[in-house]
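Source file query05.pdb; content: PDB, N, CA and C atoms and all ligand atoms.
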```pdb
ATOM      1  N   MET A   1      -8.055  12.942 -19.552  1.00  0.00           N
ATOM      2  CA  MET A   1      -7.762  14.087 -18.671  1.00  0.00           C
ATOM      3  C   MET A   1      -7.417  13.601 -17.270  1.00  0.00           C
ATOM      4  N   ALA A   2      -6.554  14.324 -16.663  1.00  0.00           N
ATOM      5  CA  ALA A   2      -6.167  14.002 -15.298  1.00  0.00           C
ATOM      6  C   ALA A   2      -6.173  15.278 -14.476  1.00  0.00           C
ATOM      7  N   VAL A   3      -6.295  15.092 -13.209  1.00  0.00           N
ATOM      8  CA  VAL A   3      -6.250  16.260 -12.329  1.00  0.00           C
ATOM      9  C   VAL A   3      -4.891  16.301 -11.653  1.00  0.00           C
ATOM     10  N   TRP A   4      -4.267  17.454 -11.781  1.00  0.00           N
ATOM     11  CA  TRP A   4      -2.946  17.630 -11.184  1.00  0.00           C
ATOM     12  C   TRP A   4      -3.057  18.598 -10.019  1.00  0.00           C
ATOM     13  N   GLN A   5      -2.407  18.262  -8.951  1.00  0.00           N
ATOM     14  CA  GLN A   5      -2.467  19.132  -7.788  1.00  0.00           C
ATOM     15  C   GLN A   5      -1.075  19.568  -7.359  1.00  0.00           C
ATOM     16  N   CYS A   6      -0.983  20.848  -7.085  1.00  0.00           N
ATOM     17  CA  CYS A   6       0.283  21.406  -6.627  1.00  0.00           C
ATOM     18  C   CYS A   6       0.510  21.011  -5.167  1.00  0.00           C
ATOM     19  N   ARG A   7       1.653  20.434  -4.915  1.00  0.00           N
ATOM     20  CA  ARG A   7       1.951  20.010  -3.545  1.00  0.00           C
ATOM     21  C   ARG A   7       2.366  21.180  -2.670  1.00  0.00           C
ATOM     22  N   GLN A   8       2.626  22.289  -3.335  1.00  0.00           N
ATOM     23  CA  GLN A   8       3.065  23.469  -2.602  1.00  0.00           C
ATOM     24  C   GLN A   8       1.882  24.259  -2.040  1.00  0.00           C
ATOM     25  N   CYS A   9       0.901  24.541  -2.902  1.00  0.00           N
ATOM     26  CA  CYS A   9      -0.217  25.390  -2.470  1.00  0.00           C
ATOM     27  C   CYS A   9      -1.579  24.719  -2.598  1.00  0.00           C
ATOM     28  N   GLY A  10      -1.628  23.551  -3.241  1.00  0.00           N
ATOM     29  CA  GLY A  10      -2.891  22.832  -3.351  1.00  0.00           C
ATOM     30  C   GLY A  10      -3.712  23.193  -4.573  1.00  0.00           C
ATOM     31  N   TYR A  11      -3.172  24.004  -5.445  1.00  0.00           N
ATOM     32  CA  TYR A  11      -3.858  24.384  -6.684  1.00  0.00           C
ATOM     33  C   TYR A  11      -4.116  23.162  -7.556  1.00  0.00           C
ATOM     34  N   GLU A  12      -5.344  23.074  -8.084  1.00  0.00           N
ATOM     35  CA  GLU A  12      -5.691  21.939  -8.934  1.00  0.00           C
ATOM     36  C   GLU A  12      -5.909  22.382 -10.362  1.00  0.00           C
ATOM     37  N   LYS A  13      -5.448  21.534 -11.299  1.00  0.00           N
ATOM     38  CA  LYS A  13      -5.586  21.870 -12.713  1.00  0.00           C
ATOM     39  C   LYS A  13      -5.915  20.627 -13.527  1.00  0.00           C
ATOM     40  N   ASP A  14      -6.863  20.781 -14.451  1.00  0.00           N
ATOM     41  CA  ASP A  14      -7.193  19.687 -15.353  1.00  0.00           C
ATOM     42  C   ASP A  14      -6.322  19.783 -16.584  1.00  0.00           C
ATOM     43  N   ALA A  15      -5.542  18.774 -16.840  1.00  0.00           N
ATOM     44  CA  ALA A  15      -4.682  18.786 -18.015  1.00  0.00           C
ATOM     45  C   ALA A  15      -4.285  17.368 -18.384  1.00  0.00           C
ATOM     46  N   ARG A  16      -3.973  17.195 -19.661  1.00  0.00           N
ATOM     47  CA  ARG A  16      -3.537  15.888 -20.116  1.00  0.00           C
ATOM     48  C   ARG A  16      -2.107  15.616 -19.662  1.00  0.00           C
ATOM     49  N   CYS A  17      -1.301  16.668 -19.769  1.00  0.00           N
ATOM     50  CA  CYS A  17       0.096  16.530 -19.380  1.00  0.00           C
ATOM     51  C   CYS A  17       0.357  17.252 -18.067  1.00  0.00           C
ATOM     52  N   LYS A  18       1.396  16.827 -17.430  1.00  0.00           N
ATOM     53  CA  LYS A  18       1.776  17.422 -16.158  1.00  0.00           C
ATOM     54  C   LYS A  18       2.222  18.871 -16.351  1.00  0.00           C
ATOM     55  N   PRO A  19       1.567  19.788 -15.652  1.00  0.00           N
ATOM     56  CA  PRO A  19       1.968  21.199 -15.768  1.00  0.00           C
ATOM     57  C   PRO A  19       3.387  21.397 -15.256  1.00  0.00           C
ATOM     58  N   LYS A  20       4.124  22.233 -15.971  1.00  0.00           N
ATOM     59  CA  LYS A  20       5.517  22.460 -15.572  1.00  0.00           C
ATOM     60  C   LYS A  20       5.619  23.432 -14.408  1.00  0.00           C
ATOM     61  N   LYS A  21       4.742  24.415 -14.447  1.00  0.00           N
ATOM     62  CA  LYS A  21       4.831  25.446 -13.419  1.00  0.00           C
ATOM     63  C   LYS A  21       3.458  25.760 -12.838  1.00  0.00           C
ATOM     64  N   CYS A  22       3.400  25.983 -11.560  1.00  0.00           N
ATOM     65  CA  CYS A  22       2.139  26.311 -10.913  1.00  0.00           C
ATOM     66  C   CYS A  22       1.846  27.806 -11.070  1.00  0.00           C
ATOM     67  N   PRO A  23       0.662  28.140 -11.630  1.00  0.00           N
ATOM     68  CA  PRO A  23       0.313  29.550 -11.833  1.00  0.00           C
ATOM     69  C   PRO A  23      -0.013  30.269 -10.531  1.00  0.00           C
ATOM     70  N   GLU A  24      -0.268  29.510  -9.502  1.00  0.00           N
ATOM     71  CA  GLU A  24      -0.621  30.110  -8.211  1.00  0.00           C
ATOM     72  C   GLU A  24       0.603  30.532  -7.402  1.00  0.00           C
ATOM     73  N   CYS A  25       1.492  29.579  -7.168  1.00  0.00           N
ATOM     74  CA  CYS A  25       2.649  29.882  -6.320  1.00  0.00           C
ATOM     75  C   CYS A  25       3.948  30.024  -7.113  1.00  0.00           C
ATOM     76  N   GLY A  26       3.892  29.634  -8.418  1.00  0.00           N
ATOM     77  CA  GLY A  26       5.069  29.823  -9.255  1.00  0.00           C
ATOM     78  C   GLY A  26       6.145  28.768  -9.105  1.00  0.00           C
ATOM     79  N   GLU A  27       5.879  27.753  -8.311  1.00  0.00           N
ATOM     80  CA  GLU A  27       6.874  26.703  -8.120  1.00  0.00           C
ATOM     81  C   GLU A  27       6.904  25.773  -9.329  1.00  0.00           C
ATOM     82  N   LYS A  28       8.063  25.223  -9.620  1.00  0.00           N
ATOM     83  CA  LYS A  28       8.194  24.303 -10.747  1.00  0.00           C
ATOM     84  C   LYS A  28       8.264  22.865 -10.257  1.00  0.00           C
ATOM     85  N   ASP A  29       7.712  21.975 -11.097  1.00  0.00           N
ATOM     86  CA  ASP A  29       7.742  20.541 -10.788  1.00  0.00           C
ATOM     87  C   ASP A  29       7.178  20.197  -9.415  1.00  0.00           C
ATOM     88  N   VAL A  30       6.051  20.795  -9.102  1.00  0.00           N
ATOM     89  CA  VAL A  30       5.437  20.488  -7.814  1.00  0.00           C
ATOM     90  C   VAL A  30       4.107  19.768  -7.990  1.00  0.00           C
ATOM     91  N   PHE A  31       3.740  19.517  -9.254  1.00  0.00           N
ATOM     92  CA  PHE A  31       2.452  18.894  -9.498  1.00  0.00           C
ATOM     93  C   PHE A  31       2.500  17.373  -9.363  1.00  0.00           C
ATOM     94  N   GLY A  32       1.491  16.858  -8.703  1.00  0.00           N
ATOM     95  CA  GLY A  32       1.352  15.417  -8.572  1.00  0.00           C
ATOM     96  C   GLY A  32      -0.018  15.024  -9.086  1.00  0.00           C
ATOM     97  N   LYS A  33      -0.096  13.839  -9.670  1.00  0.00           N
ATOM     98  CA  LYS A  33      -1.357  13.387 -10.228  1.00  0.00           C
ATOM     99  C   LYS A  33      -2.339  13.044  -9.114  1.00  0.00           C
ATOM    100  N   LYS A  34      -3.565  13.499  -9.326  1.00  0.00           N
ATOM    101  CA  LYS A  34      -4.593  13.248  -8.323  1.00  0.00           C
ATOM    102  C   LYS A  34      -5.627  12.287  -8.910  1.00  0.00           C
ATOM    103  N   GLU A  35      -6.065  11.368  -8.089  1.00  0.00           N
ATOM    104  CA  GLU A  35      -7.053  10.398  -8.568  1.00  0.00           C
ATOM    105  C   GLU A  35      -8.390  11.091  -8.813  1.00  0.00           C
ATOM    106  N   THR A  36      -9.028  10.743  -9.920  1.00  0.00           N
ATOM    107  CA  THR A  36     -10.315  11.337 -10.243  1.00  0.00           C
ATOM    108  C   THR A  36     -11.414  10.293 -10.154  1.00  0.00           C
ATOM    109  N   GLU A  37     -12.629  10.756 -10.310  1.00  0.00           N
ATOM    110  CA  GLU A  37     -13.768   9.839 -10.251  1.00  0.00           C
ATOM    111  C   GLU A  37     -14.296   9.530 -11.647  1.00  0.00           C
ATOM    112  N   GLU A  38     -13.408   9.548 -12.616  1.00  0.00           N
ATOM    113  CA  GLU A  38     -13.819   9.312 -13.992  1.00  0.00           C
ATOM    114  C   GLU A  38     -14.371   7.918 -14.220  1.00  0.00           C
ATOM    115  N   LYS A  39     -13.966   7.010 -13.399  1.00  0.00           N
ATOM    116  CA  LYS A  39     -14.416   5.626 -13.559  1.00  0.00           C
ATOM    117  C   LYS A  39     -15.928   5.502 -13.389  1.00  0.00           C
ATOM    118  N   LYS A  40     -16.500   6.414 -12.628  1.00  0.00           N
ATOM    119  CA  LYS A  40     -17.934   6.353 -12.384  1.00  0.00           C
ATOM    120  C   LYS A  40     -18.750   6.706 -13.622  1.00  0.00           C
ATOM    121  N   LYS A  41     -18.143   7.484 -14.509  1.00  0.00           N
ATOM    122  CA  LYS A  41     -18.846   7.914 -15.723  1.00  0.00           C
ATOM    123  C   LYS A  41     -19.042   6.773 -16.704  1.00  0.00           C
ATOM    124  N   LYS A  42     -18.106   5.841 -16.721  1.00  0.00           N
ATOM    125  CA  LYS A  42     -18.196   4.774 -17.706  1.00  0.00           C
ATOM    126  C   LYS A  42     -18.999   3.551 -17.252  1.00  0.00           C
TER     127      LYS A  42
HETATM  128 ZN    ZN A 101       1.220  25.979  -6.349  1.00  0.00          ZN
END
```
Can you dump the structure from the file as C-alpha cells?
Amino acid sequence: MAVWQCRQCGYEKDARCKPKKCPECGEKDVFGKKETEEKKKK
C-alpha cells in the first residue's frame, strides 16, 4: 500500500495504484506518491 496525495487540494488516499481522479477537487492526474512510515512496522 502507498499513500497518494493530491497536489491540488492535499487529499490523501491509501491505494495500491495511483488514483486517476481526486474525489475531493475532481482534478485528474494530480496524485503524487507520499512516503509512508511502513518501514517502522517491519
Ligand atoms: Zn484534490
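Going from CA of Arg16 in chain A over to CA of Asp29 in chain A, you cover 15.4 Å.
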* **Selection dump of the PyMOL selection byres (((chain A and resi 27 and name CA) around 12) and not hetatm and name CA), as number ranges by chain** => A: 6-11, 19-26, 28-31
* Structure fact -> CA of Met1 in chain A to atom ZN of ligand ZN 101 (chain A) measures 19.3 Å
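Residues having any atom no farther than 7 Å from (-0.7, 13.5, -7.4) (counting all atoms listed in the file) are Val3, Trp4, Gln5, Phe31, Gly32, Lys33, Lys34 and Glu35 of chain A.
Of all the residues in chain A, the ones DSSP labels as strand (DSSP E) from the backbone are A:Ala2, A:Val3, A:Trp4, A:Gln5, A:Cys6, A:Glu12, A:Lys13, A:Asp14, A:Ala15, A:Phe31, A:Gly32, A:Lys33, A:Lys34.
The gap separating atom ZN of ligand ZN 101 (chain A) from atom C of Cys17 in chain A is 14.6 Å, in Å to one decimal.
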